[in-house]
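Next up, final-v5.pdb (PDB, C-alpha atoms):
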```pdb
MODEL        1
ATOM      1  CA  MET A   1     -36.886 143.578  18.728
ATOM      2  CA  SER A   2     -33.853 143.098  20.917
ATOM      3  CA  THR A   3     -30.624 141.961  19.347
ATOM      4  CA  VAL A   4     -28.020 139.618  20.675
ATOM      5  CA  ARG A   5     -24.506 140.987  20.731
ATOM      6  CA  VAL A   6     -21.835 138.384  20.308
ATOM      7  CA  PRO A   7     -18.209 139.099  21.091
ATOM      8  CA  ARG A   8     -16.049 139.321  17.990
ATOM      9  CA  SER A   9     -13.699 136.723  19.414
ATOM     10  CA  GLU A  10     -16.509 134.208  19.669
ATOM     11  CA  ARG A  11     -17.821 134.984  16.195
ATOM     12  CA  ARG A  12     -14.501 133.984  14.733
ATOM     13  CA  GLY A  13     -14.830 130.462  16.055
ATOM     14  CA  ALA A  14     -15.888 127.882  13.507
ATOM     15  CA  THR A  15     -18.213 126.051  15.942
ATOM     16  CA  TRP A  16     -19.849 129.062  17.456
ATOM     17  CA  ALA A  17     -23.695 129.137  17.724
ATOM     18  CA  PRO A  18     -25.918 131.627  19.530
ATOM     19  CA  ASP A  19     -27.441 130.563  22.808
ATOM     20  CA  SER A  20     -31.106 129.618  22.341
ATOM     21  CA  HIS A  21     -31.983 131.231  25.669
ATOM     22  CA  ALA A  22     -30.909 134.599  24.305
ATOM     23  CA  PHE A  23     -33.879 134.712  21.880
ATOM     24  CA  PRO A  24     -37.489 135.649  22.699
ATOM     25  CA  THR A  25     -39.711 132.638  23.567
ATOM     26  CA  ARG A  26     -43.432 131.893  23.260
ATOM     27  CA  ARG A  27     -45.364 129.456  25.409
ATOM     28  CA  TYR A  28     -46.481 126.345  23.482
ATOM     29  CA  ASP A  29     -48.834 123.750  25.001
ATOM     30  CA  LEU A  30     -48.084 120.496  23.153
ATOM     31  CA  VAL A  31     -50.794 118.540  24.962
ATOM     32  CA  LYS A  32     -53.411 121.151  24.087
ATOM     33  CA  GLU A  33     -52.432 121.136  20.415
ATOM     34  CA  PHE A  34     -52.502 117.340  20.358
ATOM     35  CA  VAL A  35     -55.995 117.196  21.883
ATOM     36  CA  ILE A  36     -57.327 119.797  19.432
ATOM     37  CA  ALA A  37     -55.874 117.913  16.459
ATOM     38  CA  LEU A  38     -57.243 114.627  17.777
ATOM     39  CA  VAL A  39     -60.759 116.038  18.212
ATOM     40  CA  VAL A  40     -60.739 117.633  14.755
ATOM     41  CA  MET A  41     -59.589 114.405  13.081
ATOM     42  CA  LEU A  42     -62.155 112.397  15.046
ATOM     43  CA  VAL A  43     -64.979 114.679  13.935
ATOM     44  CA  LEU A  44     -63.803 114.549  10.320
ATOM     45  CA  ALA A  45     -63.558 110.749  10.466
ATOM     46  CA  VAL A  46     -67.097 110.419  11.868
ATOM     47  CA  VAL A  47     -68.532 112.795   9.262
ATOM     48  CA  ALA A  48     -66.693 110.993   6.450
ATOM     49  CA  ALA A  49     -67.924 107.625   7.745
ATOM     50  CA  ILE A  50     -71.522 108.846   7.807
ATOM     51  CA  VAL A  51     -71.377 110.371   4.342
ATOM     52  CA  PHE A  52     -69.142 107.945   2.444
ATOM     53  CA  SER A  53     -69.293 104.607   4.295
ATOM     54  CA  SER A  54     -70.819 101.453   2.842
ATOM     55  CA  PRO A  55     -74.205 100.351   4.198
ATOM     56  CA  ASP A  56     -74.166  97.596   6.776
ATOM     57  CA  GLU A  57     -76.745  95.193   5.403
ATOM     58  CA  PRO A  58     -77.731  92.586   8.005
ATOM     59  CA  ALA A  59     -76.970  88.987   7.114
ATOM     60  CA  ILE A  60     -79.844  86.834   5.867
ATOM     61  CA  SER A  61     -80.459  84.084   8.408
ATOM     62  CA  LEU A  62     -82.163  80.780   7.710
ATOM     63  CA  GLN A  63     -84.919  81.836  10.102
ATOM     64  CA  GLN A  64     -85.505  85.024   8.112
ATOM     65  CA  TRP A  65     -85.509  82.978   4.910
ATOM     66  CA  ALA A  66     -88.144  80.622   6.334
ATOM     67  CA  ARG A  67     -90.385  83.480   7.426
ATOM     68  CA  GLN A  68     -90.103  85.483   4.211
ATOM     69  CA  ALA A  69     -90.079  82.639   1.667
ATOM     70  CA  PRO A  70     -91.371  79.418   3.288
ATOM     71  CA  ASN A  71     -92.275  77.873  -0.066
ATOM     72  CA  ASP A  72     -88.696  78.342  -1.233
ATOM     73  CA  VAL A  73     -87.403  76.518   1.855
ATOM     74  CA  VAL A  74     -89.647  73.532   1.143
ATOM     75  CA  ALA A  75     -88.622  73.478  -2.528
ATOM     76  CA  THR A  76     -84.928  73.737  -1.631
ATOM     77  CA  ALA A  77     -85.121  70.926   0.942
ATOM     78  CA  THR A  78     -86.832  68.773  -1.688
ATOM     79  CA  GLY A  79     -84.113  69.605  -4.195
ATOM     80  CA  GLU A  80     -81.439  68.577  -1.691
ATOM     81  CA  LEU A  81     -83.126  65.180  -1.312
ATOM     82  CA  ALA A  82     -83.436  64.845  -5.087
ATOM     83  CA  GLY A  83     -79.801  65.838  -5.664
ATOM     84  CA  THR A  84     -80.737  68.604  -8.106
ATOM     85  CA  THR A  85     -79.486  71.677  -6.232
ATOM     86  CA  THR A  86     -76.275  73.553  -6.966
ATOM     87  CA  SER A  87     -74.559  72.150  -3.872
ATOM     88  CA  ALA A  88     -75.518  68.584  -4.749
ATOM     89  CA  SER A  89     -73.952  68.830  -8.214
ATOM     90  CA  TYR A  90     -71.159  71.319  -7.489
ATOM     91  CA  GLY A  91     -68.152  69.034  -7.303
ATOM     92  CA  PRO A  92     -64.875  69.817  -5.468
ATOM     93  CA  PRO A  93     -64.199  70.975  -2.840
ATOM     94  CA  TYR A  94     -67.560  69.695  -1.525
ATOM     95  CA  ASN A  95     -68.219  66.447  -3.396
ATOM     96  CA  THR A  96     -67.411  64.468  -6.521
ATOM     97  CA  ALA A  97     -70.752  65.050  -8.258
ATOM     98  CA  GLY A  98     -69.236  67.375 -10.883
ATOM     99  CA  ASP A  99     -65.996  68.472 -12.504
ATOM    100  CA  GLY A 100     -66.303  72.084 -11.412
ATOM    101  CA  GLN A 101     -64.582  74.939 -13.208
ATOM    102  CA  THR A 102     -62.195  73.939 -15.988
ATOM    103  CA  LEU A 103     -59.649  75.851 -18.028
ATOM    104  CA  GLY A 104     -59.280  73.973 -21.273
ATOM    105  CA  PRO A 105     -58.171  70.450 -20.387
ATOM    106  CA  LEU A 106     -57.333  71.448 -16.805
ATOM    107  CA  ALA A 107     -59.993  70.599 -14.206
ATOM    108  CA  LEU A 108     -58.690  73.062 -11.641
ATOM    109  CA  GLN A 109     -61.218  72.255  -8.917
ATOM    110  CA  LYS A 110     -60.343  68.571  -9.098
ATOM    111  CA  LEU A 111     -56.674  69.294  -8.509
ATOM    112  CA  ALA A 112     -57.349  70.223  -4.876
ATOM    113  CA  GLY A 113     -59.819  67.380  -4.350
ATOM    114  CA  VAL A 114     -62.688  67.255  -1.863
ATOM    115  CA  ALA A 115     -61.326  69.333   1.003
ATOM    116  CA  ASP A 116     -64.658  70.180   2.676
ATOM    117  CA  PRO A 117     -67.018  67.203   2.232
ATOM    118  CA  VAL A 118     -70.707  68.108   2.038
ATOM    119  CA  ASP A 119     -73.567  65.663   1.468
ATOM    120  CA  PRO A 120     -76.536  68.017   0.989
ATOM    121  CA  ALA A 121     -79.305  65.431   1.463
ATOM    122  CA  ASN A 122     -77.885  64.174   4.746
ATOM    123  CA  ASP A 123     -76.189  67.314   6.042
ATOM    124  CA  PHE A 124     -79.004  69.771   5.256
ATOM    125  CA  VAL A 125     -82.083  67.595   5.735
ATOM    126  CA  ILE A 126     -81.778  64.141   7.284
ATOM    127  CA  THR A 127     -79.218  64.780  10.044
ATOM    128  CA  PRO A 128     -80.860  67.987  11.357
ATOM    129  CA  LEU A 129     -84.285  66.292  11.318
ATOM    130  CA  ARG A 130     -83.030  63.585  13.657
ATOM    131  CA  THR A 131     -83.284  66.174  16.416
ATOM    132  CA  LEU A 132     -87.066  65.992  15.865
ATOM    133  CA  SER A 133     -87.212  62.231  16.279
ATOM    134  CA  ALA A 134     -89.615  62.697  19.215
ATOM    135  CA  GLN A 135     -92.253  63.845  16.732
ATOM    136  CA  PRO A 136     -94.045  60.712  15.425
ATOM    137  CA  LEU A 137     -94.563  61.948  11.853
ATOM    138  CA  VAL A 138     -90.944  63.013  11.403
ATOM    139  CA  ALA A 139     -89.616  59.841  13.024
ATOM    140  CA  ALA A 140     -91.765  57.665  10.743
ATOM    141  CA  ALA A 141     -90.670  59.643   7.687
ATOM    142  CA  LEU A 142     -87.000  59.227   8.612
ATOM    143  CA  ARG A 143     -87.444  55.461   9.002
ATOM    144  CA  GLN A 144     -89.232  55.199   5.660
ATOM    145  CA  TRP A 145     -86.473  57.217   3.978
ATOM    146  CA  ALA A 146     -83.700  55.115   5.518
ATOM    147  CA  ALA A 147     -85.360  51.847   4.455
ATOM    148  CA  ALA A 148     -85.805  52.893   0.803
ATOM    149  CA  SER A 149     -83.285  52.345  -1.966
ATOM    150  CA  ALA A 150     -81.348  55.221  -3.509
ATOM    151  CA  ASP A 151     -83.434  55.043  -6.706
ATOM    152  CA  GLN A 152     -86.679  55.103  -4.740
ATOM    153  CA  ARG A 153     -85.543  58.131  -2.721
ATOM    154  CA  THR A 154     -84.638  60.008  -5.895
ATOM    155  CA  ALA A 155     -87.978  59.106  -7.506
ATOM    156  CA  TRP A 156     -89.945  60.368  -4.489
ATOM    157  CA  ALA A 157     -87.991  63.616  -4.224
ATOM    158  CA  GLN A 158     -88.027  64.320  -7.963
ATOM    159  CA  ALA A 159     -91.768  63.697  -8.182
ATOM    160  CA  TYR A 160     -92.457  66.070  -5.286
ATOM    161  CA  SER A 161     -90.096  68.680  -6.729
ATOM    162  CA  ASP A 162     -91.947  68.549 -10.059
ATOM    163  CA  ALA A 163     -95.301  68.801  -8.269
ATOM    164  CA  LEU A 164     -94.122  71.866  -6.327
ATOM    165  CA  GLY A 165     -93.075  73.496  -9.578
ATOM    166  CA  LYS A 166     -96.579  73.014 -10.994
ATOM    167  CA  ALA A 167     -98.402  74.167  -7.848
ATOM    168  CA  PRO A 168     -99.631  77.806  -7.735
ATOM    169  CA  ASP A 169     -96.806  79.946  -6.264
ATOM    170  CA  GLY A 170     -95.039  76.713  -5.348
ATOM    171  CA  ASP A 171     -97.379  76.363  -2.376
ATOM    172  CA  PRO A 172     -96.953  72.918  -0.745
ATOM    173  CA  THR A 173    -100.588  72.969   0.377
ATOM    174  CA  LYS A 174    -101.714  73.123  -3.264
ATOM    175  CA  VAL A 175     -99.608  70.221  -4.569
ATOM    176  CA  ALA A 176    -101.539  67.601  -6.524
ATOM    177  CA  PRO A 177    -101.791  64.136  -4.920
ATOM    178  CA  GLY A 178     -99.034  61.715  -5.871
ATOM    179  CA  ASP A 179     -96.514  59.146  -4.669
ATOM    180  CA  TYR A 180     -94.054  61.337  -2.816
ATOM    181  CA  GLY A 181     -93.180  58.978   0.013
ATOM    182  CA  PRO A 182     -91.877  60.738   3.139
ATOM    183  CA  VAL A 183     -90.512  63.741   1.223
ATOM    184  CA  PRO A 184     -93.355  66.210   2.064
ATOM    185  CA  VAL A 185     -92.992  65.485   5.776
ATOM    186  CA  LEU A 186     -89.214  65.814   5.641
ATOM    187  CA  ALA A 187     -89.410  69.113   3.730
ATOM    188  CA  ARG A 188     -91.938  70.557   6.187
ATOM    189  CA  GLY A 189     -89.701  69.423   9.028
ATOM    190  CA  VAL A 190     -86.804  71.441   7.587
ATOM    191  CA  LEU A 191     -89.120  74.457   7.337
ATOM    192  CA  ALA A 192     -90.109  74.042  10.989
ATOM    193  CA  LEU A 193     -86.452  73.858  12.074
ATOM    194  CA  ALA A 194     -85.547  76.912  10.028
ATOM    195  CA  SER A 195     -88.535  78.900  11.324
ATOM    196  CA  SER A 196     -87.569  78.176  14.920
ATOM    197  CA  GLY A 197     -83.986  79.332  14.330
ATOM    198  CA  ALA A 198     -82.580  75.922  15.262
ATOM    199  CA  LEU A 199     -81.475  74.854  11.783
ATOM    200  CA  GLU A 200     -78.689  77.429  11.495
ATOM    201  CA  GLY A 201     -77.243  76.383  14.836
ATOM    202  CA  LEU A 202     -77.407  72.715  13.878
ATOM    203  CA  LEU A 203     -75.544  73.326  10.626
ATOM    204  CA  THR A 204     -72.796  75.460  12.180
ATOM    205  CA  SER A 205     -72.247  73.539  15.414
ATOM    206  CA  ARG A 206     -71.528  70.343  13.506
ATOM    207  CA  THR A 207     -68.577  71.896  11.650
ATOM    208  CA  SER A 208     -66.614  73.329  14.573
ATOM    209  CA  PHE A 209     -66.766  73.563  18.361
ATOM    210  CA  PHE A 210     -67.436  77.309  18.344
ATOM    211  CA  GLY A 211     -69.913  77.190  15.459
ATOM    212  CA  VAL A 212     -68.245  79.884  13.382
ATOM    213  CA  ASP A 213     -68.115  77.984  10.074
ATOM    214  CA  SER A 214     -71.093  79.196   8.020
ATOM    215  CA  THR A 215     -70.264  77.147   4.917
ATOM    216  CA  LYS A 216     -73.239  74.805   5.160
ATOM    217  CA  PRO A 217     -75.877  77.445   6.010
ATOM    218  CA  LEU A 218     -74.629  79.574   3.117
ATOM    219  CA  LEU A 219     -74.695  76.637   0.706
ATOM    220  CA  LEU A 220     -78.241  75.759   1.737
ATOM    221  CA  LEU A 221     -79.385  79.374   1.441
ATOM    222  CA  ALA A 222     -77.710  79.748  -1.966
ATOM    223  CA  ASP A 223     -79.453  76.602  -3.233
ATOM    224  CA  GLY A 224     -82.777  78.415  -2.960
ATOM    225  CA  SER A 225     -83.980  81.389  -4.970
ATOM    226  CA  HIS A 226     -84.473  83.825  -2.065
ATOM    227  CA  LEU A 227     -80.814  84.867  -1.820
ATOM    228  CA  GLU A 228     -80.506  85.454  -5.553
ATOM    229  CA  ASP A 229     -83.742  87.438  -5.604
ATOM    230  CA  ARG A 230     -82.462  89.674  -2.808
ATOM    231  CA  ALA A 231     -79.128  90.136  -4.603
ATOM    232  CA  ARG A 232     -80.726  91.052  -7.912
ATOM    233  CA  ALA A 233     -83.009  93.527  -6.163
ATOM    234  CA  GLN A 234     -79.798  95.287  -5.047
ATOM    235  CA  ASN A 235     -78.318  95.104  -8.586
ATOM    236  CA  LEU A 236     -75.697  92.600  -7.454
ATOM    237  CA  GLY A 237     -76.335  89.972 -10.127
ATOM    238  CA  GLY A 238     -73.525  88.833 -12.367
ATOM    239  CA  ASP A 239     -75.186  90.355 -15.444
ATOM    240  CA  GLN A 240     -75.829  93.590 -13.509
ATOM    241  CA  TRP A 241     -72.142  94.444 -13.046
ATOM    242  CA  GLY A 242     -72.677  93.193  -9.511
ATOM    243  CA  ILE A 243     -68.985  92.849  -8.618
ATOM    244  CA  MET A 244     -68.512  96.607  -8.670
ATOM    245  CA  ASN A 245     -71.913  97.558  -7.221
ATOM    246  CA  GLU A 246     -72.797  98.301  -3.618
ATOM    247  CA  THR A 247     -75.961  97.484  -1.695
ATOM    248  CA  GLY A 248     -78.403 100.364  -1.618
ATOM    249  CA  ASN A 249     -77.971 103.682  -3.380
ATOM    250  CA  TYR A 250     -74.249 103.945  -2.645
ATOM    251  CA  PRO A 251     -71.238 104.175  -4.942
ATOM    252  CA  GLY A 252     -69.515 100.856  -5.456
ATOM    253  CA  GLN A 253     -66.003  99.860  -6.455
ATOM    254  CA  PRO A 254     -65.411 101.462  -9.879
ATOM    255  CA  TRP A 255     -61.859 100.107 -10.068
ATOM    256  CA  LEU A 256     -63.356  96.631 -10.602
ATOM    257  CA  TRP A 257     -64.962  97.602 -13.917
ATOM    258  CA  LEU A 258     -62.313  95.802 -15.944
ATOM    259  CA  TYR A 259     -62.872  92.582 -14.030
ATOM    260  CA  THR A 260     -66.666  92.563 -14.219
ATOM    261  CA  LEU A 261     -66.661  93.791 -17.838
ATOM    262  CA  TRP A 262     -65.783  90.337 -19.123
ATOM    263  CA  TYR A 263     -68.837  88.774 -17.475
ATOM    264  CA  GLN A 264     -71.077  90.950 -19.655
ATOM    265  CA  ILE A 265     -69.714  89.887 -23.059
ATOM    266  CA  PRO A 266     -69.474  86.538 -24.899
ATOM    267  CA  PRO A 267     -68.064  84.011 -24.575
ATOM    268  CA  PHE A 268     -67.748  84.636 -20.830
ATOM    269  CA  SER A 269     -71.385  85.685 -20.362
ATOM    270  CA  THR A 270     -72.588  82.294 -21.624
ATOM    271  CA  SER A 271     -69.829  80.049 -20.292
ATOM    272  CA  ASP A 272     -70.139  77.673 -17.340
ATOM    273  CA  ASN A 273     -66.441  78.289 -16.664
ATOM    274  CA  ALA A 274     -66.622  82.074 -16.711
ATOM    275  CA  ASP A 275     -65.045  82.499 -13.274
ATOM    276  CA  VAL A 276     -61.823  80.672 -14.063
ATOM    277  CA  GLN A 277     -61.679  82.082 -17.604
ATOM    278  CA  VAL A 278     -61.984  85.673 -16.401
ATOM    279  CA  TRP A 279     -59.470  84.947 -13.652
ATOM    280  CA  ALA A 280     -56.958  83.607 -16.198
ATOM    281  CA  LEU A 281     -57.551  86.519 -18.574
ATOM    282  CA  MET A 282     -56.998  89.078 -15.814
ATOM    283  CA  ILE A 283     -53.741  87.366 -14.867
ATOM    284  CA  LEU A 284     -52.532  87.637 -18.475
ATOM    285  CA  LEU A 285     -53.565  91.290 -18.674
ATOM    286  CA  SER A 286     -51.825  92.039 -15.381
ATOM    287  CA  ILE A 287     -48.626  90.348 -16.539
ATOM    288  CA  GLY A 288     -48.785  92.299 -19.796
ATOM    289  CA  PHE A 289     -49.229  95.569 -17.916
ATOM    290  CA  ILE A 290     -46.232  94.796 -15.722
ATOM    291  CA  CYS A 291     -44.100  93.929 -18.764
ATOM    292  CA  ILE A 292     -44.909  97.089 -20.751
ATOM    293  CA  PRO A 293     -41.385  98.534 -20.211
ATOM    294  CA  TRP A 294     -39.932  95.467 -21.961
ATOM    295  CA  ILE A 295     -42.386  95.083 -24.878
ATOM    296  CA  PRO A 296     -40.910  96.580 -28.095
ATOM    297  CA  GLY A 297     -43.169  99.086 -29.778
ATOM    298  CA  LEU A 298     -45.533  99.298 -26.833
ATOM    299  CA  ARG A 299     -42.927 100.749 -24.514
ATOM    300  CA  THR A 300     -42.202 103.616 -26.944
ATOM    301  CA  LEU A 301     -45.867 104.338 -27.599
ATOM    302  CA  PRO A 302     -46.025 107.319 -25.182
ATOM    303  CA  LYS A 303     -43.086 108.907 -27.006
ATOM    304  CA  HIS A 304     -44.785 108.613 -30.396
ATOM    305  CA  LEU A 305     -48.144 109.803 -29.134
ATOM    306  CA  GLY A 306     -46.577 112.948 -27.770
ATOM    307  CA  VAL A 307     -49.048 113.324 -24.931
ATOM    308  CA  HIS A 308     -46.208 114.476 -22.689
ATOM    309  CA  ARG A 309     -45.907 117.637 -24.757
ATOM    310  CA  LEU A 310     -49.259 118.785 -23.378
ATOM    311  CA  ILE A 311     -47.730 118.778 -19.891
ATOM    312  CA  TRP A 312     -44.028 119.520 -20.392
ATOM    313  CA  ARG A 313     -43.478 122.553 -22.605
ATOM    314  CA  ASN A 314     -40.465 124.718 -23.307
ATOM    315  CA  ARG A 315     -40.958 127.824 -21.246
ATOM    316  CA  PRO A 316     -39.681 131.140 -22.742
ATOM    317  CA  ARG A 317     -36.581 132.448 -21.077
TER     318      ARG A 317
ENDMDL
END
```

Give the structure from the file, written as structure tokens.
Amino acid sequence: MSTVRVPRSERRGATWAPDSHAFPTRRYDLVKEFVIALVVMLVLAVVAAIVFSSPDEPAISLQQWARQAPNDVVATATGELAGTTTSASYGPPYNTAGDGQTLGPLALQKLAGVADPVDPANDFVITPLRTLSAQPLVAAALRQWAAASADQRTAWAQAYSDALGKAPDGDPTKVAPGDYGPVPVLARGVLALASSGALEGLLTSRTSFFGVDSTKPLLLLADGSHLEDRARAQNLGGDQWGIMNETGNYPGQPWLWLYTLWYQIPPFSTSDNADVQVWALMILLSIGFICIPWIPGLRTLPKHLGVHRLIWRNRPR
């Protein structure tokens, strides 16, 4: 290796530094190194995404629901007319039919009021069916429904809902004869709209110009049993530790075990206000965790346990 000789006079200077051009050099292609690193990281990212990514389950459409569980669609439409579905009795922010989740004396859902009004009977059944007014049976059923009193409508819908529950497999074609008014025709009309794919568009286009608000389709789908059945088949039910599970045979979110734990034990597992109760409990636990350095006794617990001695030991000199 060649050496660089520096005059003694220059070496005495306090600010002296050797000239970089006096040393041997090696060619370095920065662009080449960047491309190689980029390709390697891209390959690693693709492999990691294939091996560790979450499955992309397609959304359940109302059309798919109608084709896979037509009896459930008819039963759900009947329940909307009878006012017995979850949406019809939910309360704020959709309606005033219930108090919603409460925390002791605090009705938290009522504090915000009805911010997104939803009338399930009209929004999910009657209004969409008006697009079929050219069909004589549907048009006559809509007129009969509009002319009836509220009590008469509820009586018709409740009677048909009970009859569907007694029919084999909930099959509308096997319902016993009875006074159901226009309800069977209206329910079959909803099934026809859903099967054609038009119902989802009708429910979304009425909420915004671009039709991107899926609140009403999701509420209608959740009022039936098909969505819950699909969720439980994927172990996503509330009593199946569903919050921390993933669809398919994939690892879920294990860090959520503490949150979903409370849903599995009383009194949360049997409470109608479990969501807000667990939410409040987790807030208290989080505040307590943050305040550990200021809690007497608890803050000195690591010192008394002596776990640190397993890591930090006096090393022999």

Practice problem: Give me the result of the PyMOL selection byres ((chain A and resi 241-244) around 6) on this file, residue by residue, as a list in words. | Solution: Leu236, Gly237, Gly238, Asp239, Gln240, Asn245, Gly252, Gln253, Pro254, Leu256 and Thr260 of chain A

Which region 94-197 of chain A residues have any atom within 8 Å of an atom of region 264-276 of chain A, and for each, what is the nearest pair of atoms with distance in Å to one decimal, counting only C-alpha atoms, rows sorted by chain and number, as a tab-separated table?
```
residue	atom	partner	partner_atom	distance
A:Gln101	CA	A:Asn273	CA	5.2
A:Thr102	CA	A:Asn273	CA	6.1
A:Leu103	CA	A:Val276	CA	6.6
```

Quiz prompt | Result set of the PyMOL selection byres ((chain A and resi 217) around 10) on the coordinates above, as a VMD selection string | solution = chain A and resid 61 to 62 124 199 to 204 213 to 216 218 to 223

Quiz item: Suppose you want the space between CA of Pro117 (chain A) and CA of Val212 (chain A); what is it in Å?
Solution: 16.9 Å

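Each of A:Arg26, A:His308, A:Lys32, A:Arg130 was compared to Val190 (chain A) using all atoms listed in the file, and A:Arg130 turns out to be the nearest.
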
Quiz item: When you draw a straight line from CA of Leu106 (chain A) to CA of Ser286 (chain A), how long is it in Å?
Solution: 21.4 Å

Practice problem: Pull out every residue that the PyMOL selection byres ((chain A and resi 161) around 12) matches in the shown coordinates and put them as an NGL selection string. | Solution: :A and (71-85 or 154-160 or 162-167 or 170-172 or 175-176 or 178-180 or 183-184 or 187)

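The spacing separating CA of His226 (chain A) from CA of Gln64 (chain A) amounts to 10.3 Å.
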
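When all atoms listed in the file are used to compute distances to Glu57 (chain A), the closest of the residues A:Cys291, A:Glu246, A:Ala280, A:Leu129 turns out to be A:Glu246.
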
Quiz item: Which residues, written as a PyMOL selection string, have at least one atom at most 10 Å from Leu137 (chain A), with all atoms listed in the file counted and residues fewer than 4 positions away on the same chain left out?
Solution: chain A and resi 132-133+141-142+182+185-186+189
